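Next up, start_4.txt (compact mmCIF, C-alpha atoms):
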```
# COMPACT_ATOMS: atom_id res chain seq x y z
CA MET A 1125 3.78 5.78 1.44
CA ASN A 1126 2.60 3.85 4.49
CA GLU A 1127 4.39 0.51 3.98
CA ILE A 1128 7.86 0.02 5.44
CA ARG A 1129 8.32 -3.78 5.53
CA ASP A 1130 7.25 -6.82 3.53
CA LEU A 1131 7.05 -4.51 0.53
CA ILE A 1132 5.64 -5.74 -2.76
CA ILE A 1133 6.95 -3.49 -5.51
CA GLY A 1134 6.11 -3.26 -9.20
CA ILE A 1135 8.40 -1.54 -11.70
CA ASP A 1136 7.50 -0.85 -15.32
CA PHE A 1137 10.87 -0.77 -17.09
CA GLY A 1138 9.87 0.77 -20.43
CA LYS A 1139 11.79 1.82 -23.50
CA GLU A 1140 11.17 5.54 -22.99
CA TYR A 1141 9.62 5.84 -19.53
CA SER A 1142 9.54 3.79 -16.35
CA GLN A 1143 7.30 3.77 -13.26
CA ILE A 1144 7.28 2.30 -9.78
CA CYS A 1145 4.44 1.41 -7.42
CA TYR A 1146 3.96 -0.51 -4.18
CA TYR A 1147 1.11 -2.50 -2.66
CA ASP A 1148 -0.87 -0.50 -0.12
CA ARG A 1149 -2.29 -3.12 2.24
CA SER A 1150 -4.68 -0.71 3.94
CA ALA A 1151 -6.30 0.22 0.61
CA LYS A 1152 -5.71 -3.28 -0.83
CA GLU A 1153 -4.41 -1.92 -4.13
CA PRO A 1154 -1.17 -0.87 -5.85
CA ARG A 1155 -0.18 2.77 -5.40
CA SER A 1156 1.90 4.68 -7.96
CA LEU A 1157 4.74 6.84 -6.70
CA SER A 1158 5.26 10.35 -8.04
CA MET A 1159 8.60 11.33 -9.54
CA LYS A 1160 8.20 14.85 -8.12
CA VAL A 1161 7.10 15.69 -4.60
CA GLY A 1162 3.51 16.96 -4.59
CA SER A 1163 2.90 16.22 -8.28
CA SER A 1164 1.03 13.56 -10.24
CA GLN A 1165 3.94 12.87 -12.57
CA TYR A 1166 4.44 9.13 -12.31
CA GLU A 1167 6.63 8.53 -15.35
CA ALA A 1168 10.42 8.76 -15.10
CA PRO A 1169 12.48 8.87 -18.28
CA THR A 1170 14.33 5.55 -18.64
CA ARG A 1171 17.65 7.35 -18.39
CA LEU A 1172 20.70 7.14 -16.21
CA CYS A 1173 23.32 9.83 -15.61
CA ARG A 1174 26.87 9.32 -14.40
CA ARG A 1175 27.80 12.23 -12.13
CA VAL A 1176 31.55 12.29 -12.52
CA GLU A 1177 32.35 14.67 -9.64
CA GLN A 1178 30.14 12.79 -7.16
CA GLY A 1179 31.15 9.41 -8.56
CA ASP A 1180 27.56 8.10 -8.58
CA TYR A 1181 24.49 7.70 -10.77
CA CYS A 1182 21.06 9.33 -10.79
CA VAL A 1183 17.91 8.39 -12.69
CA GLY A 1184 14.92 9.81 -14.53
CA LEU A 1185 14.24 13.55 -14.38
CA GLU A 1186 17.29 14.07 -12.18
CA ALA A 1187 19.45 12.30 -14.75
CA GLU A 1188 18.26 14.65 -17.49
CA TYR A 1189 18.91 17.69 -15.29
CA PHE A 1190 22.46 16.73 -14.32
CA ALA A 1191 23.33 15.81 -17.89
CA LYS A 1192 22.02 19.10 -19.24
CA GLU A 1193 23.04 21.52 -16.49
CA LYS A 1194 25.97 19.92 -14.65
CA GLY A 1195 27.91 18.12 -17.37
CA GLY A 1196 26.93 14.62 -16.35
CA ILE A 1197 27.19 11.72 -18.79
CA LEU A 1198 23.73 10.67 -19.97
CA ILE A 1199 22.87 7.06 -20.79
CA ASP A 1200 19.64 7.34 -22.77
CA SER A 1201 19.52 3.89 -24.38
CA LEU A 1202 19.36 1.82 -21.20
CA TYR A 1203 16.51 -0.41 -22.36
CA GLU A 1204 18.24 -1.17 -25.66
CA ASP A 1205 21.55 -1.76 -23.85
CA CYS A 1206 19.87 -4.45 -21.75
CA GLU A 1207 18.89 -6.28 -24.92
CA LYS A 1208 22.59 -6.86 -25.62
CA ASP A 1209 25.45 -8.53 -23.79
CA ALA A 1210 28.08 -6.02 -24.97
CA PRO A 1211 29.73 -3.65 -22.46
CA VAL A 1212 28.79 0.04 -22.51
CA LEU A 1213 31.49 2.74 -22.34
CA VAL A 1214 30.68 5.27 -19.59
CA ALA A 1215 33.18 8.00 -18.66
CA GLY A 1216 36.00 5.99 -20.20
CA GLU A 1217 35.05 2.87 -18.23
CA GLU A 1218 33.35 -0.26 -19.53
CA LYS A 1219 30.16 -1.22 -17.72
CA GLU A 1220 28.06 -4.33 -18.26
CA PRO A 1221 24.39 -3.64 -19.13
CA TRP A 1222 23.25 -5.39 -15.95
CA GLU A 1223 25.46 -3.11 -13.85
CA LEU A 1224 23.82 -0.02 -15.36
CA LEU A 1225 20.39 -1.54 -14.87
CA ALA A 1226 21.23 -2.21 -11.22
CA PHE A 1227 22.08 1.50 -10.78
CA PHE A 1228 18.77 2.43 -12.42
CA LEU A 1229 16.71 0.06 -10.27
CA LYS A 1230 18.48 1.27 -7.15
CA GLY A 1231 17.60 4.84 -8.09
CA MET A 1232 13.95 3.96 -8.71
CA LEU A 1233 13.70 2.13 -5.38
CA LYS A 1234 14.83 5.30 -3.58
CA PHE A 1235 11.46 6.88 -4.43
CA LEU A 1236 9.93 4.55 -1.85
CA GLY A 1237 11.74 6.44 0.90
CA VAL A 1238 12.35 3.26 2.89
CA MET A 1239 15.58 2.50 4.74
CA GLU A 1240 17.20 -0.80 3.74
CA VAL A 1241 14.66 -1.24 0.98
CA VAL A 1242 16.08 -4.56 -0.29
CA LYS A 1243 15.97 -6.08 3.19
CA ASN A 1244 12.37 -4.90 3.66
CA THR A 1245 11.10 -6.06 0.27
CA LYS A 1246 9.07 -9.24 0.07
CA CYS A 1247 8.86 -9.25 -3.72
CA LEU A 1248 10.10 -7.04 -6.57
CA VAL A 1249 8.36 -7.51 -9.91
CA ILE A 1250 9.73 -5.99 -13.12
CA ALA A 1251 7.59 -5.72 -16.25
CA SER A 1252 9.00 -4.73 -19.63
CA PRO A 1253 7.67 -4.71 -23.21
CA SER A 1254 9.45 -7.97 -24.05
CA LEU A 1255 11.77 -10.50 -22.44
CA GLY A 1256 14.40 -12.14 -24.60
CA GLU A 1257 17.12 -14.49 -23.37
CA ILE A 1258 19.78 -11.77 -23.05
CA GLN A 1259 17.36 -9.38 -21.33
CA VAL A 1260 16.44 -12.04 -18.79
CA ARG A 1261 20.10 -12.65 -17.94
CA ASN A 1262 20.75 -8.93 -17.50
CA TYR A 1263 17.64 -8.44 -15.37
CA GLN A 1264 18.50 -11.43 -13.19
CA LYS A 1265 22.09 -10.30 -12.65
CA ALA A 1266 20.94 -6.75 -11.83
CA CYS A 1267 18.41 -7.95 -9.24
CA GLU A 1268 20.81 -10.38 -7.62
CA SER A 1269 23.61 -7.78 -7.51
CA LEU A 1270 21.25 -5.55 -5.48
CA GLY A 1271 20.70 -8.37 -2.99
CA PHE A 1272 17.42 -9.87 -4.24
CA SER A 1273 17.50 -13.67 -4.07
CA PRO A 1274 15.71 -15.46 -6.97
CA GLU A 1275 12.63 -16.19 -4.85
CA ARG A 1276 12.21 -12.48 -4.04
CA TYR A 1277 11.96 -11.07 -7.56
CA MET A 1278 9.91 -11.85 -10.67
CA LEU A 1279 10.13 -10.84 -14.31
CA MET A 1280 7.33 -10.57 -16.83
CA ASP A 1281 6.47 -8.98 -20.15
CA TYR A 1282 3.69 -6.46 -20.69
CA GLY A 1283 1.26 -9.17 -21.78
CA GLU A 1284 1.52 -11.03 -18.49
CA SER A 1285 1.37 -7.78 -16.53
CA PHE A 1286 -1.83 -6.93 -18.43
CA PHE A 1287 -3.28 -10.31 -17.43
CA TYR A 1288 -2.59 -9.74 -13.72
CA TYR A 1289 -3.82 -6.16 -13.81
CA VAL A 1290 -7.12 -7.06 -15.44
CA LEU A 1291 -7.89 -10.22 -13.45
CA THR A 1292 -7.25 -8.51 -10.11
CA GLN A 1293 -9.97 -5.94 -10.89
CA LYS A 1294 -13.66 -6.44 -10.15
CA LYS A 1295 -15.01 -9.41 -12.07
CA GLU A 1296 -17.41 -7.32 -14.17
CA ILE A 1297 -14.28 -5.82 -15.77
CA TRP A 1298 -13.17 -9.20 -17.16
CA ASN A 1299 -16.02 -11.73 -17.09
CA ARG A 1300 -16.05 -11.60 -20.92
CA SER A 1301 -13.36 -10.67 -23.43
CA VAL A 1302 -11.21 -7.61 -22.70
CA ALA A 1303 -9.96 -5.28 -25.44
CA TRP A 1304 -6.54 -3.62 -25.27
CA TYR A 1305 -5.48 -0.68 -27.43
CA ALA A 1306 -1.81 0.25 -27.04
CA PHE A 1307 -0.79 3.60 -28.51
CA SER A 1308 2.71 4.54 -29.63
CA GLN A 1309 2.42 8.01 -31.13
CA ASP A 1310 0.76 7.46 -34.55
CA THR A 1311 0.52 3.67 -34.28
CA VAL A 1312 -2.15 1.82 -32.32
CA THR A 1313 -2.12 -1.92 -31.66
CA PHE A 1314 -5.12 -4.01 -30.67
CA ARG A 1315 -5.10 -7.27 -28.70
CA LYS A 1316 -7.94 -9.24 -27.17
CA LEU A 1317 -7.76 -11.12 -23.87
CA LEU A 1318 -9.74 -14.34 -24.22
CA MET A 1319 -10.82 -16.83 -21.57
CA ASN A 1320 -11.67 -20.46 -22.20
CA TYR A 1321 -14.08 -21.42 -19.42
CA GLY A 1322 -14.40 -24.91 -20.85
CA THR A 1323 -11.06 -25.95 -19.35
CA LYS A 1324 -9.71 -26.42 -15.84
CA PRO A 1325 -7.82 -24.29 -15.10
CA VAL A 1326 -9.45 -21.57 -17.21
CA LEU A 1327 -6.97 -20.87 -20.00
CA VAL A 1328 -6.39 -17.16 -20.66
CA LYS A 1329 -4.48 -15.80 -23.64
CA LEU A 1330 -3.90 -12.67 -25.65
CA GLU A 1331 -4.72 -12.93 -29.33
CA GLU A 1332 -2.10 -11.96 -31.91
CA PRO A 1333 -1.81 -8.17 -32.26
CA GLN A 1334 -3.37 -6.09 -35.04
CA SER A 1335 -1.91 -2.66 -35.77
CA THR A 1336 -2.70 0.41 -37.83
CA VAL A 1337 -1.14 3.82 -38.42
CA LEU A 1338 -3.46 6.71 -37.60
CA GLU A 1339 -3.66 9.98 -39.48
CA GLU A 1340 -1.53 12.74 -37.99
CA SER A 1341 -4.14 14.95 -36.34
CA GLY A 1342 -7.65 16.23 -35.96
CA GLU A 1343 -10.78 14.84 -37.52
CA GLU A 1344 -8.92 12.51 -39.91
CA ARG A 1345 -7.10 10.90 -36.98
CA ASP A 1346 -10.42 10.44 -35.19
CA LEU A 1347 -12.01 8.83 -38.26
CA SER A 1348 -9.07 6.48 -38.85
CA PHE A 1349 -9.24 5.29 -35.23
CA CYS A 1350 -13.03 4.82 -35.56
CA LYS A 1351 -12.43 2.60 -38.57
CA PHE A 1352 -9.89 0.52 -36.62
CA ILE A 1353 -12.30 0.18 -33.67
CA ARG A 1354 -15.02 -1.19 -35.96
CA GLU A 1355 -12.58 -3.64 -37.55
CA THR A 1356 -11.30 -4.96 -34.21
CA LEU A 1357 -14.34 -4.90 -31.92
CA GLY A 1358 -16.94 -5.86 -34.49
CA THR A 1359 -20.23 -6.82 -32.85
CA GLU A 1360 -18.67 -8.80 -30.00
CA LEU A 1361 -19.54 -7.97 -26.39
CA PHE A 1362 -16.58 -6.85 -24.28
CA SER A 1363 -16.44 -6.53 -20.51
CA SER A 1364 -14.05 -3.58 -20.75
CA ILE A 1365 -11.62 -1.74 -22.99
CA GLN A 1366 -8.17 -0.84 -21.69
CA MET A 1367 -6.03 1.80 -23.43
CA THR A 1368 -2.36 2.47 -22.77
CA GLY A 1369 0.54 4.44 -24.23
CA ASN A 1370 1.08 7.89 -25.66
CA GLY A 1371 -0.80 9.13 -28.70
CA PHE A 1372 -4.43 9.11 -27.56
CA SER A 1373 -6.13 12.36 -26.59
CA LEU A 1374 -9.68 13.48 -25.90
CA ASP A 1375 -8.85 16.61 -27.91
CA TRP A 1376 -9.20 14.69 -31.18
CA ALA A 1377 -11.01 11.46 -30.20
CA LYS A 1378 -14.56 12.82 -30.39
CA GLU A 1379 -16.32 10.11 -32.41
CA SER A 1380 -13.86 7.45 -31.24
CA VAL A 1381 -14.86 7.86 -27.61
CA LYS A 1382 -18.55 7.56 -28.51
CA LEU A 1383 -17.84 4.36 -30.41
CA LEU A 1384 -15.67 2.92 -27.63
CA CYS A 1385 -18.39 3.60 -25.06
CA TYR A 1386 -21.16 2.15 -27.27
CA GLN A 1387 -23.55 -0.17 -25.38
CA LYS A 1388 -22.17 1.23 -22.08
CA ARG A 1389 -18.81 -0.48 -22.50
CA LYS A 1390 -16.39 0.35 -19.68
CA VAL A 1391 -13.35 2.18 -21.07
CA PHE A 1392 -10.17 2.89 -19.08
CA TYR A 1393 -7.16 4.94 -20.16
CA GLY A 1394 -3.90 5.39 -18.27
CA ASN A 1395 -0.17 4.82 -18.34
CA ASN A 1396 0.34 3.12 -14.99
CA LEU A 1397 -1.21 -0.23 -15.97
CA PHE A 1398 2.02 -2.23 -16.29
CA ALA A 1399 3.59 -1.08 -13.02
CA LYS A 1400 0.32 -1.83 -11.23
CA GLY A 1401 -0.03 -5.14 -13.05
CA ALA A 1402 3.46 -6.14 -11.95
CA CYS A 1403 2.64 -5.19 -8.36
CA ALA A 1404 -0.66 -7.11 -8.54
CA ALA A 1405 1.26 -10.16 -9.78
CA GLY A 1406 3.52 -10.03 -6.74
CA VAL A 1407 0.54 -9.81 -4.40
CA GLU A 1408 -1.26 -12.66 -6.15
CA ARG A 1409 1.71 -15.03 -6.19
CA MET A 1410 3.15 -14.20 -2.78
CA GLU A 1411 0.00 -13.71 -0.70
CA GLU A 1412 -3.53 -13.92 -2.04
CA LYS A 1413 -3.47 -16.72 -4.66
CA ASN A 1414 -6.99 -15.89 -5.87
CA LEU A 1415 -6.20 -16.80 -9.49
CA LYS A 1416 -5.26 -20.45 -8.93
CA GLY A 1417 -8.07 -21.48 -11.28
CA TYR A 1418 -6.67 -19.38 -14.17
CA GLN A 1419 -3.64 -20.08 -16.35
CA TYR A 1420 -2.19 -17.35 -18.54
CA LEU A 1421 -0.78 -18.77 -21.78
CA SER A 1422 2.16 -16.51 -22.48
CA ASP A 1423 4.77 -17.00 -25.19
CA SER A 1424 7.29 -17.60 -22.39
CA LEU A 1425 5.34 -20.44 -20.80
CA VAL A 1426 6.82 -23.90 -20.28
CA LEU A 1427 4.10 -26.43 -21.13
CA THR A 1428 5.90 -29.57 -19.97
CA ASP A 1429 6.05 -31.29 -16.59
CA ILE A 1430 9.41 -33.01 -16.09
CA GLY A 1431 10.18 -35.51 -13.37
CA ILE A 1432 11.99 -38.73 -12.65
CA ASP A 1433 10.93 -42.02 -11.08
CA MET A 1434 13.06 -42.98 -8.09
CA ARG A 1435 12.90 -44.54 -4.66
CA VAL A 1436 12.30 -42.13 -1.81
CA MET A 1437 12.66 -43.56 1.72
CA GLY A 1438 12.71 -47.01 0.16
CA SER A 1439 9.41 -46.65 -1.72
CA PRO A 1440 8.96 -46.01 -5.46
CA ALA A 1441 7.82 -42.45 -6.15
CA TYR A 1442 7.63 -39.82 -8.85
CA TYR A 1443 9.97 -36.91 -8.11
CA PRO A 1444 8.89 -33.66 -9.85
CA LEU A 1445 11.65 -31.44 -11.26
CA ILE A 1446 9.94 -28.84 -13.48
CA GLU A 1447 6.25 -27.96 -13.28
CA SER A 1448 4.47 -26.62 -16.35
CA GLY A 1449 2.62 -23.31 -16.23
CA LYS A 1450 5.67 -21.21 -15.34
CA ASN A 1451 7.77 -18.90 -17.49
CA TRP A 1452 10.94 -20.47 -18.87
CA TYR A 1453 13.21 -18.15 -16.89
CA GLU A 1454 11.60 -19.33 -13.65
CA CYS A 1455 12.14 -23.03 -14.43
CA LYS A 1456 15.20 -24.49 -12.72
CA ALA A 1457 15.73 -27.67 -10.73
CA TYR A 1458 18.52 -29.41 -8.81
CA CYS A 1459 18.74 -32.70 -6.98
CA GLU A 1460 21.22 -35.38 -5.93
CA PHE A 1461 20.61 -39.13 -6.02
CA ILE A 1462 22.29 -42.55 -5.99
CA LEU A 1463 22.05 -44.85 -8.99
CA ASP A 1464 20.45 -48.25 -8.40
CA GLU A 1465 21.38 -50.68 -11.18
CA ALA A 1466 20.95 -47.94 -13.79
CA LYS A 1467 23.30 -46.81 -16.55
CA GLU A 1468 21.16 -43.94 -17.83
CA LEU A 1469 18.62 -41.39 -16.63
CA VAL A 1470 14.98 -41.70 -17.62
CA PHE A 1471 12.84 -38.55 -17.47
CA VAL A 1472 9.06 -38.66 -17.22
CA VAL A 1473 7.63 -35.97 -19.52
CA ASN A 1474 4.01 -34.83 -19.57
CA ARG A 1475 2.12 -31.91 -21.16
CA PRO A 1476 -0.95 -31.50 -18.91
CA LEU A 1477 -2.26 -28.40 -20.69
CA GLU A 1478 -2.49 -30.41 -23.89
CA ASN A 1479 -3.16 -34.16 -24.10
CA GLY A 1480 -1.61 -35.17 -20.78
CA GLU A 1481 0.11 -38.22 -22.31
CA LYS A 1482 3.21 -39.26 -20.37
CA LYS A 1483 6.44 -40.15 -22.17
CA ARG A 1484 9.75 -41.50 -20.92
CA ILE A 1485 12.90 -40.03 -22.42
CA ALA A 1486 16.33 -41.51 -21.68
CA MET A 1487 19.64 -39.67 -21.33
CA ALA A 1488 22.72 -41.81 -21.80
CA LEU A 1489 25.70 -41.46 -19.44
CA PRO A 1490 28.66 -42.70 -21.53
CA GLY A 1491 31.81 -43.35 -19.55
CA LEU A 1492 29.92 -43.78 -16.29
CA PRO A 1493 32.44 -44.99 -13.67
CA VAL A 1494 32.23 -48.71 -12.95
CA ARG A 1495 31.40 -49.14 -9.27
CA PRO A 1496 29.39 -51.52 -7.11
CA ASN A 1497 25.65 -50.95 -7.15
CA LYS A 1498 24.40 -47.96 -5.10
CA THR A 1499 27.84 -46.37 -4.83
CA THR A 1500 27.49 -43.80 -7.62
CA ARG A 1501 26.10 -40.47 -6.49
CA LEU A 1502 25.13 -37.92 -9.13
CA SER A 1503 23.86 -34.35 -9.18
CA LEU A 1504 21.26 -33.26 -11.71
CA SER A 1505 20.60 -29.68 -12.82
CA LEU A 1506 17.93 -28.52 -15.25
CA SER A 1507 17.46 -24.97 -16.51
CA TYR A 1508 15.51 -23.51 -19.39
CA VAL A 1509 17.24 -21.02 -21.70
CA SER A 1510 14.15 -20.40 -23.88
CA PRO A 1511 10.48 -21.48 -23.80
CA LYS A 1512 11.41 -24.79 -25.46
CA GLU A 1513 15.10 -25.46 -24.86
CA CYS A 1514 16.21 -27.03 -21.58
CA HIS A 1515 19.82 -27.60 -20.53
CA ILE A 1516 20.61 -30.71 -18.50
CA THR A 1517 23.85 -31.11 -16.53
CA VAL A 1518 24.77 -34.28 -14.66
CA LYS A 1519 27.90 -34.53 -12.48
CA ASP A 1520 29.59 -37.49 -10.83
CA LEU A 1521 29.88 -36.76 -7.09
CA GLY A 1522 31.59 -40.03 -6.19
CA PHE A 1523 30.72 -41.85 -2.99
CA GLY A 1524 32.70 -40.52 -0.07
CA ASP A 1525 36.30 -41.61 0.45
CA MET A 1526 35.60 -45.08 -0.95
CA PHE A 1527 34.96 -43.84 -4.49
CA PRO A 1528 36.16 -40.24 -5.01
CA ALA A 1529 34.42 -38.05 -7.59
CA THR A 1530 35.89 -38.32 -11.08
CA GLY A 1531 34.80 -34.86 -12.16
CA LYS A 1532 32.89 -36.44 -15.04
CA VAL A 1533 30.14 -34.17 -16.45
CA TRP A 1534 27.40 -34.98 -18.94
CA LYS A 1535 25.48 -32.22 -20.72
CA GLU A 1536 22.53 -32.24 -23.06
CA SER A 1537 20.32 -29.57 -24.59
CA VAL A 1538 16.81 -30.88 -25.26
CA GLU A 1539 13.39 -29.79 -26.49
CA TRP A 1540 11.05 -32.14 -24.67
```
Can I see the file as structure tokens?
Amino acid sequence: MNEIRDLIIGIDFGKEYSQICYYDRSAKEPRSLSMKVGSSQYEAPTRLCRRVEQGDYCVGLEAEYFAKEKGGILIDSLYEDCEKDAPVLVAGEEKEPWELLAFFLKGMLKFLGVMEVVKNTKCLVIASPSLGEIQVRNYQKACESLGFSPERYMLMDYGESFFYYVLTQKKEIWNRSVAWYAFSQDTVTFRKLLMNYGTKPVLVKLEEPQSTVLEESGEERDLSFCKFIRETLGTELFSSIQMTGNGFSLDWAKESVKLLCYQKRKVFYGNNLFAKGACAAGVERMEEKNLKGYQYLSDSLVLTDIGIDMRVMGSPAYYPLIESGKNWYECKAYCEFILDEAKELVFVVNRPLENGEKKRIAMALPGLPVRPNKTTRLSLSLSYVSPKECHITVKDLGFGDMFPATGKVWKESVEW
């Protein structure tokens, strides 16, 4: 690779296989990294091996080799482990899932061949099939344990990665609806990427998935996929068709390919889409910002603006805390302020992607210390733990030596 600093890295952390790529600024596109020198093998098994004699871990193909040939301890359920918060027993020692993930990520980053890779990385983006609350915590802890501060890494599911991959291609690839067929052996799932050009920003979403089980092989498999194509594409015009996963082959898809390419539809098949989509997301958010006029409506999206009215430099002003249009695991806020003849907090809540009607929601502060006006300083923290649920924490900070902090804390969990 030809990048050694300000790296933007995409990692597809999959259930069975993972990939890594980086943004090549000279070519202006993400580049996949091979798992073997001189080969085009880009997929690494999502496996980790504890090498007892060396006292370290290795990943992917190397992990399988050391487990099979050198007596290493293989961890072959790493993705599933990260969906739980229970420790994993490795060589008689308990390890947290995020610790094992950190070892895996560190091993994947070595394929870049860059010294001090964390220091030289501008943004690391991890895409995975799904992102539940426990997964997010494990991913965050793993990234931060490696030295990535929150502003230098991003998480996303495959749907969002698909959005970034598609919309960073030439516009003729996505100026109408885009079809997505995801294969998993004998099962194929269809989703459609839709764009509502009647809104500002343009709202982009993936329709609910439709799935079918294909016949096992040969002509029957081809015919069953043809039937599914007709059911899902219908007579609608598509800009392109994207196909991912394992289970599709030109050896059997004779009629299917003809049907997919009907009316000169552009059809693309490959397994590096999610790593490249993650990398493209990092480039878009950190540098280019070409998609400001588009909003992807993911299941993880926070739809509510949250702020508070206060005086700033003596003048009344609205102070934003949480901005809508971000994933819930990216939504955190902290501020400190002094109460002015107030006994409660009043939040200004707005849903701009819907009706845009502002509401004011109060949070009581029972047991608030009795002090002269403008001598009560509070801290306010907000953090989302799911797409709808937000945790609020307020602490009494006192007011210098005159009014020491009481240690009083108020907490609420709300769905705005």
- Task: Check the smallest atom-to-atom distance from each of A:Ile1353, A:Ile1297, A:Ala1187, A:Val1337 to Lys1390 of chain A using only C-alpha atoms, then report the winner.
- Result: A:Ile1297
- Item | Residue neighbourhood Pro1221 of chain A, 10 Å, all atoms listed in the file, exclusion window fewer than 4 positions, as a list in words |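 Within the cut-off, the hits are Leu1202, Tyr1203, Glu1204, Asp1205, Cys1206, Glu1207, Lys1208, Asp1209, Ala1210, Pro1211, Val1212, Leu1225, Ala1226, Gln1259, Asn1262, Tyr1263, Lys1265 and Ala1266 of chain A.
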- Message: One number please: atom CA of Thr1311 of chain A to atom CA of Cys1350 of chain A, in Å, one decimal.
- Response: 13.7 Å
- Message: Let me make sure I understand: among A:Arg1501, A:Arg1484, A:Lys1192, A:Lys1294, which one has the smallest atom-to-atom distance to Gly1524 of chain A if we use all atoms listed in the file?
- Response: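 Of the candidates, the smallest distance to Gly1524 of chain A is held by A:Arg1501.
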- Query: A:Met1410, A:Ala1404, A:Ile1250, A:Val1518: which is nearest Phe1137 of chain A, counting all atoms listed in the file?
  - Reply: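 Checking each of A:Met1410, A:Ala1404, A:Ile1250, A:Val1518 against Phe1137 of chain A, counting all atoms listed in the file, the winner is A:Ile1250.
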- Neighbours of point (7.5, 1.5, -4.5) within 8 Å, using all atoms listed in the file, written as a PyMOL selection string: chain A and resi 1131-1135+1144-1147+1155-1157+1233+1235-1236
- So what do you get for atom CA of Leu1489 of chain A versus atom CA of Phe1471 of chain A, distance-wise? 13.3 Å
Could you rebuild segment 1321-1333 of chain A with N, CA, C and O atoms and give me the result as an mmCIF file, keeping the file's coordinate frame?
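rebuild26.cif written:
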```cif
data_model
loop_
_atom_site.group_PDB
_atom_site.id
_atom_site.type_symbol
_atom_site.label_atom_id
_atom_site.label_comp_id
_atom_site.auth_asym_id
_atom_site.auth_seq_id
_atom_site.Cartn_x
_atom_site.Cartn_y
_atom_site.Cartn_z
ATOM 1 N N TYR A 1321 -13.488 -20.891 -20.647
ATOM 2 C CA TYR A 1321 -14.080 -21.420 -19.420
ATOM 3 C C TYR A 1321 -14.412 -22.903 -19.527
ATOM 4 O O TYR A 1321 -14.876 -23.502 -18.563
ATOM 5 N N GLY A 1322 -14.145 -23.484 -20.687
ATOM 6 C CA GLY A 1322 -14.400 -24.910 -20.850
ATOM 7 C C GLY A 1322 -13.263 -25.784 -20.366
ATOM 8 O O GLY A 1322 -13.318 -27.012 -20.483
ATOM 9 N N THR A 1323 -12.218 -25.188 -19.828
ATOM 10 C CA THR A 1323 -11.060 -25.950 -19.350
ATOM 11 C C THR A 1323 -10.841 -25.690 -17.860
ATOM 12 O O THR A 1323 -11.300 -24.696 -17.305
ATOM 13 N N LYS A 1324 -10.149 -26.604 -17.225
ATOM 14 C CA LYS A 1324 -9.710 -26.420 -15.840
ATOM 15 C C LYS A 1324 -8.196 -26.683 -15.781
ATOM 16 O O LYS A 1324 -7.755 -27.782 -16.093
ATOM 17 N N PRO A 1325 -7.404 -25.666 -15.412
ATOM 18 C CA PRO A 1325 -7.820 -24.290 -15.100
ATOM 19 C C PRO A 1325 -8.344 -23.561 -16.333
ATOM 20 O O PRO A 1325 -8.150 -24.021 -17.456
ATOM 21 N N VAL A 1326 -8.997 -22.418 -16.101
ATOM 22 C CA VAL A 1326 -9.450 -21.570 -17.210
ATOM 23 C C VAL A 1326 -8.203 -21.047 -17.927
ATOM 24 O O VAL A 1326 -7.323 -20.444 -17.308
ATOM 25 N N LEU A 1327 -8.129 -21.305 -19.231
ATOM 26 C CA LEU A 1327 -6.970 -20.870 -20.000
ATOM 27 C C LEU A 1327 -7.220 -19.456 -20.535
ATOM 28 O O LEU A 1327 -8.249 -19.198 -21.168
ATOM 29 N N VAL A 1328 -6.270 -18.560 -20.273
ATOM 30 C CA VAL A 1328 -6.390 -17.160 -20.660
ATOM 31 C C VAL A 1328 -5.240 -16.811 -21.598
ATOM 32 O O VAL A 1328 -4.086 -17.133 -21.317
ATOM 33 N N LYS A 1329 -5.557 -16.171 -22.716
ATOM 34 C CA LYS A 1329 -4.480 -15.800 -23.640
ATOM 35 C C LYS A 1329 -4.813 -14.497 -24.344
ATOM 36 O O LYS A 1329 -5.969 -14.090 -24.445
ATOM 37 N N LEU A 1330 -3.761 -13.862 -24.829
ATOM 38 C CA LEU A 1330 -3.900 -12.670 -25.650
ATOM 39 C C LEU A 1330 -3.807 -13.081 -27.116
ATOM 40 O O LEU A 1330 -2.884 -13.786 -27.514
ATOM 41 N N GLU A 1331 -4.777 -12.635 -27.909
ATOM 42 C CA GLU A 1331 -4.720 -12.930 -29.330
ATOM 43 C C GLU A 1331 -3.559 -12.178 -29.980
ATOM 44 O O GLU A 1331 -3.021 -11.210 -29.436
ATOM 45 N N GLU A 1332 -3.169 -12.630 -31.170
ATOM 46 C CA GLU A 1332 -2.100 -11.960 -31.910
ATOM 47 C C GLU A 1332 -2.478 -10.503 -32.170
ATOM 48 O O GLU A 1332 -3.645 -10.191 -32.433
ATOM 49 N N PRO A 1333 -1.496 -9.601 -32.112
ATOM 50 C CA PRO A 1333 -1.810 -8.170 -32.260
ATOM 51 C C PRO A 1333 -2.186 -7.773 -33.680
ATOM 52 O O PRO A 1333 -1.726 -8.377 -34.651
#
```
